[in-house]
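Novice: Okay, here's the structure, questions in a sec.
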Amino acid sequence: AELYQSAQNSRRIWRMESVFHNKKAEGFIEEAEKKLNSWSLFTSKALKREEAAELYQSAANQYKTGGNWKKAGDTYLKAGDLYKKGSGHEAANCYVDAGKMLKKVSADEALKAFNLAIEIYTDSNRHSGAARLCKEVGEIFEKDGKYAQSAKAFKQASHFYTASDQPTNAMHQLVKVADLLVQASPPVYEEAIEHFEKVSRYSLDNRMLRYSVKGYLFKAGLCSMALAIAKDDYKTLQDTIEKYVDMDPDFESSAECKFLQTAAPIVEEGNDKDFQAAVKALNKKKKLDDWQVNILLSIKRNLKQQVQTDEIDIT
């Protein structure tokens with residue numbers, strides 16, 4: 001009973017605080033509107049807009065404190081629109097704040113706010129900031145299962161990181177793009193392979209990143225395997241595996257490469273049981289992650305001579 005009463009009291013206090021902050025916000029908005037509608041021989045329109053924008057920003061902060069995310073977001077947008085006519089920097093900050101608030105209630109509205117900020121960042125040569133926001137946009141799409149749109153946003157992030165001379169960050173985004181393209185419906189294996197190969201070549205020339213190459217080539221190999229089934233072109237698959245061995249001599253001795261070399265003829269035959277056995281053997285040597293399991297399941301499902309099932313036993 002005491003716990004229940006305590007919870008009730010906490011909720012009552014929170015509601016009172018929310019009402020308090022909402023009223024303060026409404027007061028700031030009223031002042032902002034008066035400021036915009038006022039007339040003075042000694043006050044310029046630019047100054048009135050700036051002062052009104054500051055008041056809308058204060059109102060948005062109050063809505064935010066009171067947990068009113070929608071009103072906070074909408075009010076940050078109003079502040080941003082006013083700032084945009086004078087200060088792009090302040091406008092972008094408001095649009096970012098709007099996106100963060102609106103993300104809690106509406107992905108579509110959050111995306112519109114973030115895109116307004118991205119436009120300002122790119123126009124003012126702030127590509128690093130644009131890249132970070134593109135990542136946030138990509139995460140919103142990914143959370144909603146819109147993998148193709150998510151991939152497009154992360155690819156834009158990669159482009160902006162390249163423009164801001166951050167090649168390693170650009171490559172990290174391309175890996176994300178490739179992962180998402182494989183999850184898209186339908187999967188875009190060719191482009192995913194291109195990205196994995198590009199990141200592999202870049203990483204081979206970087207002593208700190210060489211350790212990741214094996215994983216990228218393995219992912220590219222799995223995509224090539226799925227593509228070989230789709231196109232009924234197993235000669236290209238064999239050539240691709242050989243190309244990866246030539247690209248990185250260390251790859252040949254890895255469990256991942258040995259799996260690709262073992263599984264390639266099995267896939268061509270359409271031998272379901274042998275493929276399952278090869279996957280099990282690999283999983284004993286290297287714990288497979290969800291992305292790898294999903295593409296392996298897709299490969300298994302599309303084997304030419306198998307009875308289709310919707311699961312793969314890796315234990």
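Quick note on naming: the chains in the structure tokens go A, B, ... in the order shown, residues restart at 1 in each chain, and ligands are numbered from 1 in order of appearance.
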Within 10 Å of Glu256 (chain A), counting only C-alpha atoms, which residues show up once you throw out same-chain ones fewer than 3 positions away? Write them as a VMD selection string, please.

Specialist: chain A and resid 214 to 215 217 to 219 221 to 222 251 to 253 259 to 262 282 to 283 285 to 286

Novice: Atoms to include: all heavy atoms. Write the selected residues as a short mmCIF file (atom, residue, chain, number, x, y, z; two decimals), in the first residue's frame.

Specialist:
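Result file follows (result-v5.cif):
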data_model
loop_
_atom_site.label_atom_id
_atom_site.label_comp_id
_atom_site.auth_asym_id
_atom_site.auth_seq_id
_atom_site.Cartn_x
_atom_site.Cartn_y
_atom_site.Cartn_z
N LYS A 214 39.45 -9.75 -42.91
CA LYS A 214 38.92 -11.11 -42.99
C LYS A 214 37.40 -11.12 -42.91
O LYS A 214 36.73 -11.81 -43.70
CB LYS A 214 39.52 -11.96 -41.87
CG LYS A 214 38.98 -13.37 -41.76
CD LYS A 214 39.67 -14.12 -40.61
CE LYS A 214 39.34 -13.51 -39.27
NZ LYS A 214 39.95 -14.27 -38.14
N GLY A 215 36.85 -10.34 -41.99
CA GLY A 215 35.39 -10.28 -41.83
C GLY A 215 34.70 -9.66 -43.03
O GLY A 215 33.64 -10.14 -43.46
N LEU A 217 35.83 -9.59 -46.18
CA LEU A 217 35.91 -10.50 -47.32
C LEU A 217 34.96 -11.69 -47.15
O LEU A 217 34.39 -12.18 -48.13
CB LEU A 217 37.35 -10.99 -47.50
CG LEU A 217 38.37 -9.93 -47.94
CD1 LEU A 217 39.76 -10.55 -48.04
CD2 LEU A 217 37.97 -9.31 -49.28
N PHE A 218 34.78 -12.11 -45.92
CA PHE A 218 33.84 -13.21 -45.66
C PHE A 218 32.42 -12.77 -46.01
O PHE A 218 31.66 -13.50 -46.67
CB PHE A 218 33.92 -13.63 -44.20
CG PHE A 218 32.99 -14.75 -43.83
CD1 PHE A 218 32.91 -15.91 -44.59
CD2 PHE A 218 32.18 -14.65 -42.71
CE1 PHE A 218 32.04 -16.96 -44.25
CE2 PHE A 218 31.32 -15.68 -42.35
CZ PHE A 218 31.25 -16.83 -43.13
N LYS A 219 32.06 -11.56 -45.58
CA LYS A 219 30.72 -11.06 -45.90
C LYS A 219 30.54 -10.91 -47.42
O LYS A 219 29.49 -11.26 -47.96
CB LYS A 219 30.49 -9.70 -45.21
CG LYS A 219 30.23 -9.80 -43.72
CD LYS A 219 29.87 -8.44 -43.14
CE LYS A 219 29.37 -8.58 -41.71
NZ LYS A 219 28.92 -7.28 -41.15
N GLY A 221 32.08 -12.64 -49.63
CA GLY A 221 31.99 -14.00 -50.16
C GLY A 221 30.60 -14.60 -49.99
O GLY A 221 30.08 -15.27 -50.90
N LEU A 222 29.97 -14.35 -48.85
CA LEU A 222 28.61 -14.85 -48.63
C LEU A 222 27.63 -14.18 -49.59
O LEU A 222 26.73 -14.84 -50.13
CB LEU A 222 28.18 -14.59 -47.18
CG LEU A 222 28.90 -15.39 -46.10
CD1 LEU A 222 28.45 -14.96 -44.71
CD2 LEU A 222 28.68 -16.89 -46.28
N PHE A 251 43.95 -14.29 -45.59
CA PHE A 251 42.57 -14.75 -45.64
C PHE A 251 42.50 -16.25 -45.92
O PHE A 251 41.63 -16.96 -45.39
CB PHE A 251 41.78 -13.98 -46.70
CG PHE A 251 40.33 -14.32 -46.79
CD1 PHE A 251 39.49 -14.17 -45.71
CD2 PHE A 251 39.78 -14.81 -47.98
CE1 PHE A 251 38.14 -14.49 -45.79
CE2 PHE A 251 38.44 -15.13 -48.07
CZ PHE A 251 37.61 -14.97 -46.97
N GLU A 252 43.44 -16.77 -46.71
CA GLU A 252 43.38 -18.17 -47.15
C GLU A 252 43.40 -19.16 -46.00
O GLU A 252 42.76 -20.21 -46.06
CB GLU A 252 44.54 -18.46 -48.10
CG GLU A 252 44.45 -19.86 -48.74
CD GLU A 252 45.50 -20.07 -49.79
OE1 GLU A 252 46.50 -19.32 -49.82
OE2 GLU A 252 45.33 -20.98 -50.62
N SER A 253 44.12 -18.84 -44.93
CA SER A 253 44.25 -19.77 -43.80
C SER A 253 43.11 -19.63 -42.79
O SER A 253 43.05 -20.37 -41.79
CB SER A 253 45.58 -19.55 -43.08
OG SER A 253 45.66 -18.22 -42.58
N PHE A 259 35.58 -22.17 -45.25
CA PHE A 259 34.15 -22.42 -45.41
C PHE A 259 33.69 -22.07 -46.82
O PHE A 259 32.97 -22.85 -47.45
CB PHE A 259 33.34 -21.61 -44.40
CG PHE A 259 31.86 -21.64 -44.68
CD1 PHE A 259 31.08 -22.72 -44.30
CD2 PHE A 259 31.24 -20.59 -45.35
CE1 PHE A 259 29.72 -22.77 -44.59
CE2 PHE A 259 29.88 -20.62 -45.64
CZ PHE A 259 29.12 -21.72 -45.25
N LEU A 260 34.10 -20.90 -47.32
CA LEU A 260 33.69 -20.48 -48.66
C LEU A 260 34.17 -21.48 -49.70
O LEU A 260 33.43 -21.85 -50.63
CB LEU A 260 34.24 -19.09 -48.98
CG LEU A 260 33.66 -17.92 -48.17
CD1 LEU A 260 34.41 -16.63 -48.50
CD2 LEU A 260 32.16 -17.75 -48.41
N GLN A 261 35.42 -21.95 -49.56
CA GLN A 261 35.99 -22.90 -50.52
C GLN A 261 35.26 -24.25 -50.46
O GLN A 261 35.03 -24.90 -51.48
CB GLN A 261 37.48 -23.10 -50.23
CG GLN A 261 38.31 -21.86 -50.56
CD GLN A 261 39.73 -21.96 -50.04
OE1 GLN A 261 40.00 -22.62 -49.03
NE2 GLN A 261 40.66 -21.31 -50.73
N THR A 262 34.87 -24.65 -49.23
CA THR A 262 34.15 -25.92 -49.06
C THR A 262 32.71 -25.81 -49.54
O THR A 262 32.18 -26.73 -50.18
CB THR A 262 34.16 -26.33 -47.57
OG1 THR A 262 35.51 -26.48 -47.13
CG2 THR A 262 33.40 -27.63 -47.35
N LEU A 282 31.71 -24.55 -39.27
CA LEU A 282 32.20 -23.17 -39.16
C LEU A 282 31.80 -22.56 -37.83
O LEU A 282 32.61 -21.91 -37.18
CB LEU A 282 31.64 -22.33 -40.32
CG LEU A 282 31.94 -20.82 -40.25
CD1 LEU A 282 33.44 -20.57 -40.32
CD2 LEU A 282 31.22 -20.07 -41.35
N ASN A 283 30.57 -22.78 -37.41
CA ASN A 283 30.08 -22.17 -36.17
C ASN A 283 30.82 -22.69 -34.95
O ASN A 283 30.91 -22.01 -33.93
CB ASN A 283 28.57 -22.42 -36.02
CG ASN A 283 27.96 -21.57 -34.92
OD1 ASN A 283 28.08 -20.35 -34.94
ND2 ASN A 283 27.34 -22.21 -33.95
N LYS A 285 34.00 -23.25 -34.94
CA LYS A 285 35.29 -22.54 -34.95
C LYS A 285 35.12 -21.04 -34.72
O LYS A 285 35.99 -20.37 -34.18
CB LYS A 285 35.99 -22.75 -36.29
CG LYS A 285 36.34 -24.20 -36.58
CD LYS A 285 36.91 -24.34 -37.98
CE LYS A 285 37.16 -25.79 -38.33
NZ LYS A 285 37.62 -25.97 -39.73
N LYS A 286 33.96 -20.52 -35.17
CA LYS A 286 33.73 -19.08 -35.12
C LYS A 286 32.24 -18.83 -34.89
O LYS A 286 31.41 -19.27 -35.67
CB LYS A 286 34.17 -18.45 -36.45
CG LYS A 286 33.82 -17.00 -36.59
CD LYS A 286 33.99 -16.54 -38.03
CE LYS A 286 33.61 -15.08 -38.18
NZ LYS A 286 32.22 -14.80 -37.84
#

Novice: Kindly provide the residues of region 156-199 of chain A that approach region 115-133 of chain A to within 12 Å, each paired with its closest atom pair and their distance in Å to one decimal, based on only C-alpha atoms, listed by chain and increasing number, as CSV.

Specialist:
residue,atom,partner,partner_atom,distance
A:Gln156,CA,A:Ala131,CA,7.2
A:Ala157,CA,A:Ala131,CA,4.1
A:Ser158,CA,A:Ala131,CA,7.0
A:His159,CA,A:Ala131,CA,7.8
A:Phe160,CA,A:His127,CA,5.1
A:Tyr161,CA,A:Ser128,CA,5.8
A:Thr162,CA,A:His127,CA,8.7
A:Ala163,CA,A:His127,CA,6.5
A:Ser164,CA,A:His127,CA,5.6
A:Asp165,CA,A:Ser128,CA,9.0
A:Gln166,CA,A:Ser128,CA,8.4
A:Pro167,CA,A:Ser128,CA,11.5
A:Asn169,CA,A:Ala131,CA,9.5
A:Ala170,CA,A:Ala131,CA,9.1
A:His172,CA,A:Ala131,CA,11.9
A:Gln173,CA,A:Ala131,CA,9.5

Novice: Name the closest residue to Leu82 (chain A) among the candidates A:Asp97, A:Glu51, A:Glu109, A:Asp239; distances are taken between atoms, counting only C-alpha atoms.

Specialist: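 So, comparing all the options, the nearest one is A:Glu51.
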
Novice: Quick one: residues within 7 Å of Ala178 (chain A), only C-alpha atoms, excluding same-chain residues fewer than 2 positions away - as number ranges by chain?

Specialist: A: 174-176, 180-182, 192, 195-196

Novice: For Glu269 (chain A), work out the shell of residues within 12 Å, counting only C-alpha atoms and skipping chain neighbours fewer than 6 positions away, then give it as a list in words.

Specialist: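 Counting only C-alpha atoms, the residues come to Ile229, Asp232, Tyr234, Thr262, Ala263, Phe275, Lys300, Asn302, Leu303, Lys304, Gln305 and Gln306 of chain A.
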
Novice: Could you give me, as a tab-separated table, every region 59-131 of chain A residue with an atom at most 7 Å from region 13-37 of chain A, plus its closest atom pair and distance in Å to one decimal, counting only C-alpha atoms, rows ordered by chain then number?

Specialist:
residue	atom	partner	partner_atom	distance
A:Ala59	CA	A:Ala25	CA	4.0
A:Ala60	CA	A:Ala25	CA	6.8
A:Gln62	CA	A:His21	CA	5.2
A:Tyr63	CA	A:Asn22	CA	5.7
A:Thr65	CA	A:His21	CA	6.9
A:Gly66	CA	A:Ser18	CA	4.3
A:Gly67	CA	A:Ser18	CA	6.8

Novice: May I ask for the distance between CA of Arg201 (chain A) and CA of Leu288 (chain A), given in Å to one decimal place?

Specialist: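 CA of Leu288 (chain A) lies 23.5 Å from CA of Arg201 (chain A).
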
Novice: Which residue out of A:Val293, A:Leu47, A:Ala91, A:Ile299 has the minimum interatomic distance to Asn271 (chain A) when only C-alpha atoms are used?

Specialist: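 Among the listed residues, the smallest separation from Asn271 (chain A) belongs to A:Ile299.
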
Novice: Using Å and a single decimal, report how far CA of Gln149 (chain A) sits from CA of Tyr189 (chain A).

Specialist: 15.7 Å

Novice: Please extract the residues of region 21-239 of chain A with a backbone DSSP assignment of alpha helix (DSSP H) and present them as a ChimeraX atom specification.

Specialist: /A:21-37,45-65,69-84,88-102,107-123,127-143,147-163,167-183,189-204,213-231,234-239

Novice: Which residue gives the smallest distance to Met225 (chain A) among A:Asp144, A:Glu136, A:Glu190, A:Glu50, with only C-alpha atoms counted?

Specialist: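 Closest residue, counting only C-alpha atoms: A:Glu190.
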
Novice: What separation in Å, quoted to one decimal, exists between CA of Ala53 (chain A) and CA of Tyr83 (chain A)?

Specialist: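 Here the two named atoms are 6.2 Å from each other.
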
Novice: Find, counting only C-alpha atoms, the residue in A:Val279, A:Cys134, A:Lys198, A:Ala184 that gets nearest to Tyr147 (chain A).

Specialist: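 Result for the nearest residue to Tyr147 (chain A): A:Ala184.
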
Novice: Would you kindly return, as a ChimeraX atom specification, each protein, DNA or RNA residue with an atom no farther than 9 Å from any atom of Ile140 (chain A), considering only C-alpha atoms and excluding same-chain residues fewer than 3 positions away?

Specialist: /A:103,107,110-111,135-137,143-146,150

Novice: Mind writing the picked residues with all heavy atoms as a JSON list (two decimals), in the first residue's frame?

Specialist:
[["chain", "number", "residue", "atom", "x", "y", "z"],
["A", 103, "LYS", "N", 11.46, 12.72, -32.69],
["A", 103, "LYS", "CA", 11.79, 11.30, -32.85],
["A", 103, "LYS", "C", 11.06, 10.44, -31.82],
["A", 103, "LYS", "O", 10.79, 9.27, -32.06],
["A", 103, "LYS", "CB", 13.31, 11.12, -32.72],
["A", 103, "LYS", "CG", 13.80, 9.73, -33.04],
["A", 103, "LYS", "CD", 15.32, 9.70, -33.20],
["A", 103, "LYS", "CE", 16.02, 9.95, -31.90],
["A", 103, "LYS", "NZ", 17.48, 9.67, -32.00],
["A", 107, "ALA", "N", 8.53, 9.42, -36.39],
["A", 107, "ALA", "CA", 9.76, 9.28, -37.17],
["A", 107, "ALA", "C", 9.73, 10.20, -38.40],
["A", 107, "ALA", "O", 10.73, 10.85, -38.72],
["A", 107, "ALA", "CB", 9.94, 7.83, -37.61],
["A", 110, "ALA", "N", 10.43, 13.78, -37.43],
["A", 110, "ALA", "CA", 11.83, 13.91, -37.03],
["A", 110, "ALA", "C", 12.74, 13.98, -38.25],
["A", 110, "ALA", "O", 13.68, 14.78, -38.30],
["A", 110, "ALA", "CB", 12.23, 12.73, -36.14],
["A", 111, "LEU", "N", 12.43, 13.16, -39.25],
["A", 111, "LEU", "CA", 13.24, 13.14, -40.47],
["A", 111, "LEU", "C", 13.20, 14.49, -41.17],
["A", 111, "LEU", "O", 14.22, 14.99, -41.67],
["A", 111, "LEU", "CB", 12.74, 12.04, -41.41],
["A", 111, "LEU", "CG", 13.01, 10.60, -40.95],
["A", 111, "LEU", "CD1", 12.24, 9.62, -41.82],
["A", 111, "LEU", "CD2", 14.49, 10.30, -40.98],
["A", 135, "LYS", "N", 23.56, 9.76, -40.29],
["A", 135, "LYS", "CA", 23.59, 8.51, -39.51],
["A", 135, "LYS", "C", 22.34, 8.38, -38.65],
["A", 135, "LYS", "O", 21.75, 7.31, -38.55],
["A", 135, "LYS", "CB", 24.84, 8.48, -38.63],
["A", 135, "LYS", "CG", 26.14, 8.17, -39.35],
["A", 135, "LYS", "CD", 27.34, 8.35, -38.45],
["A", 135, "LYS", "CE", 27.30, 7.44, -37.24],
["A", 135, "LYS", "NZ", 28.49, 7.62, -36.38],
["A", 136, "GLU", "N", 21.95, 9.50, -38.02],
["A", 136, "GLU", "CA", 20.76, 9.47, -37.18],
["A", 136, "GLU", "C", 19.52, 9.17, -38.01],
["A", 136, "GLU", "O", 18.64, 8.41, -37.58],
["A", 136, "GLU", "CB", 20.62, 10.80, -36.44],
["A", 136, "GLU", "CG", 19.61, 10.75, -35.31],
["A", 136, "GLU", "CD", 20.02, 11.58, -34.10],
["A", 136, "GLU", "OE1", 21.08, 12.23, -34.13],
["A", 136, "GLU", "OE2", 19.26, 11.58, -33.13],
["A", 137, "VAL", "N", 19.45, 9.75, -39.20],
["A", 137, "VAL", "CA", 18.34, 9.47, -40.11],
["A", 137, "VAL", "C", 18.35, 7.99, -40.49],
["A", 137, "VAL", "O", 17.30, 7.32, -40.50],
["A", 137, "VAL", "CB", 18.45, 10.34, -41.38],
["A", 137, "VAL", "CG1", 17.47, 9.87, -42.46],
["A", 137, "VAL", "CG2", 18.15, 11.80, -41.04],
["A", 143, "LYS", "N", 15.42, 1.27, -37.68],
["A", 143, "LYS", "CA", 14.53, 0.87, -36.59],
["A", 143, "LYS", "C", 13.14, 0.53, -37.12],
["A", 143, "LYS", "O", 12.46, -0.37, -36.60],
["A", 143, "LYS", "CB", 14.43, 1.99, -35.55],
["A", 143, "LYS", "CG", 13.66, 1.61, -34.31],
["A", 143, "LYS", "CD", 13.67, 2.76, -33.30],
["A", 143, "LYS", "CE", 12.87, 2.40, -32.06],
["A", 143, "LYS", "NZ", 12.84, 3.53, -31.08],
["A", 144, "ASP", "N", 12.71, 1.22, -38.19],
["A", 144, "ASP", "CA", 11.40, 0.98, -38.79],
["A", 144, "ASP", "C", 11.43, -0.14, -39.83],
["A", 144, "ASP", "O", 10.41, -0.42, -40.48],
["A", 144, "ASP", "CB", 10.87, 2.26, -39.46],
["A", 144, "ASP", "CG", 10.39, 3.28, -38.45],
["A", 144, "ASP", "OD1", 10.27, 2.92, -37.26],
["A", 144, "ASP", "OD2", 10.13, 4.44, -38.83],
["A", 145, "GLY", "N", 12.60, -0.78, -39.99],
["A", 145, "GLY", "CA", 12.73, -1.88, -40.96],
["A", 145, "GLY", "C", 12.78, -1.41, -42.40],
["A", 145, "GLY", "O", 12.61, -2.22, -43.32],
["A", 146, "LYS", "N", 13.05, -0.13, -42.63],
["A", 146, "LYS", "CA", 13.15, 0.41, -43.99],
["A", 146, "LYS", "C", 14.63, 0.41, -44.40],
["A", 146, "LYS", "O", 15.31, 1.44, -44.41],
["A", 146, "LYS", "CB", 12.57, 1.83, -44.05],
["A", 146, "LYS", "CG", 11.08, 1.86, -43.69],
["A", 146, "LYS", "CD", 10.55, 3.29, -43.64],
["A", 146, "LYS", "CE", 9.07, 3.32, -43.28],
["A", 146, "LYS", "NZ", 8.53, 4.70, -43.16],
["A", 150, "SER", "N", 17.40, 3.30, -45.20],
["A", 150, "SER", "CA", 18.47, 3.42, -44.21],
["A", 150, "SER", "C", 19.83, 3.38, -44.88],
["A", 150, "SER", "O", 20.72, 4.18, -44.57],
["A", 150, "SER", "CB", 18.35, 2.31, -43.17],
["A", 150, "SER", "OG", 19.37, 2.41, -42.20]]
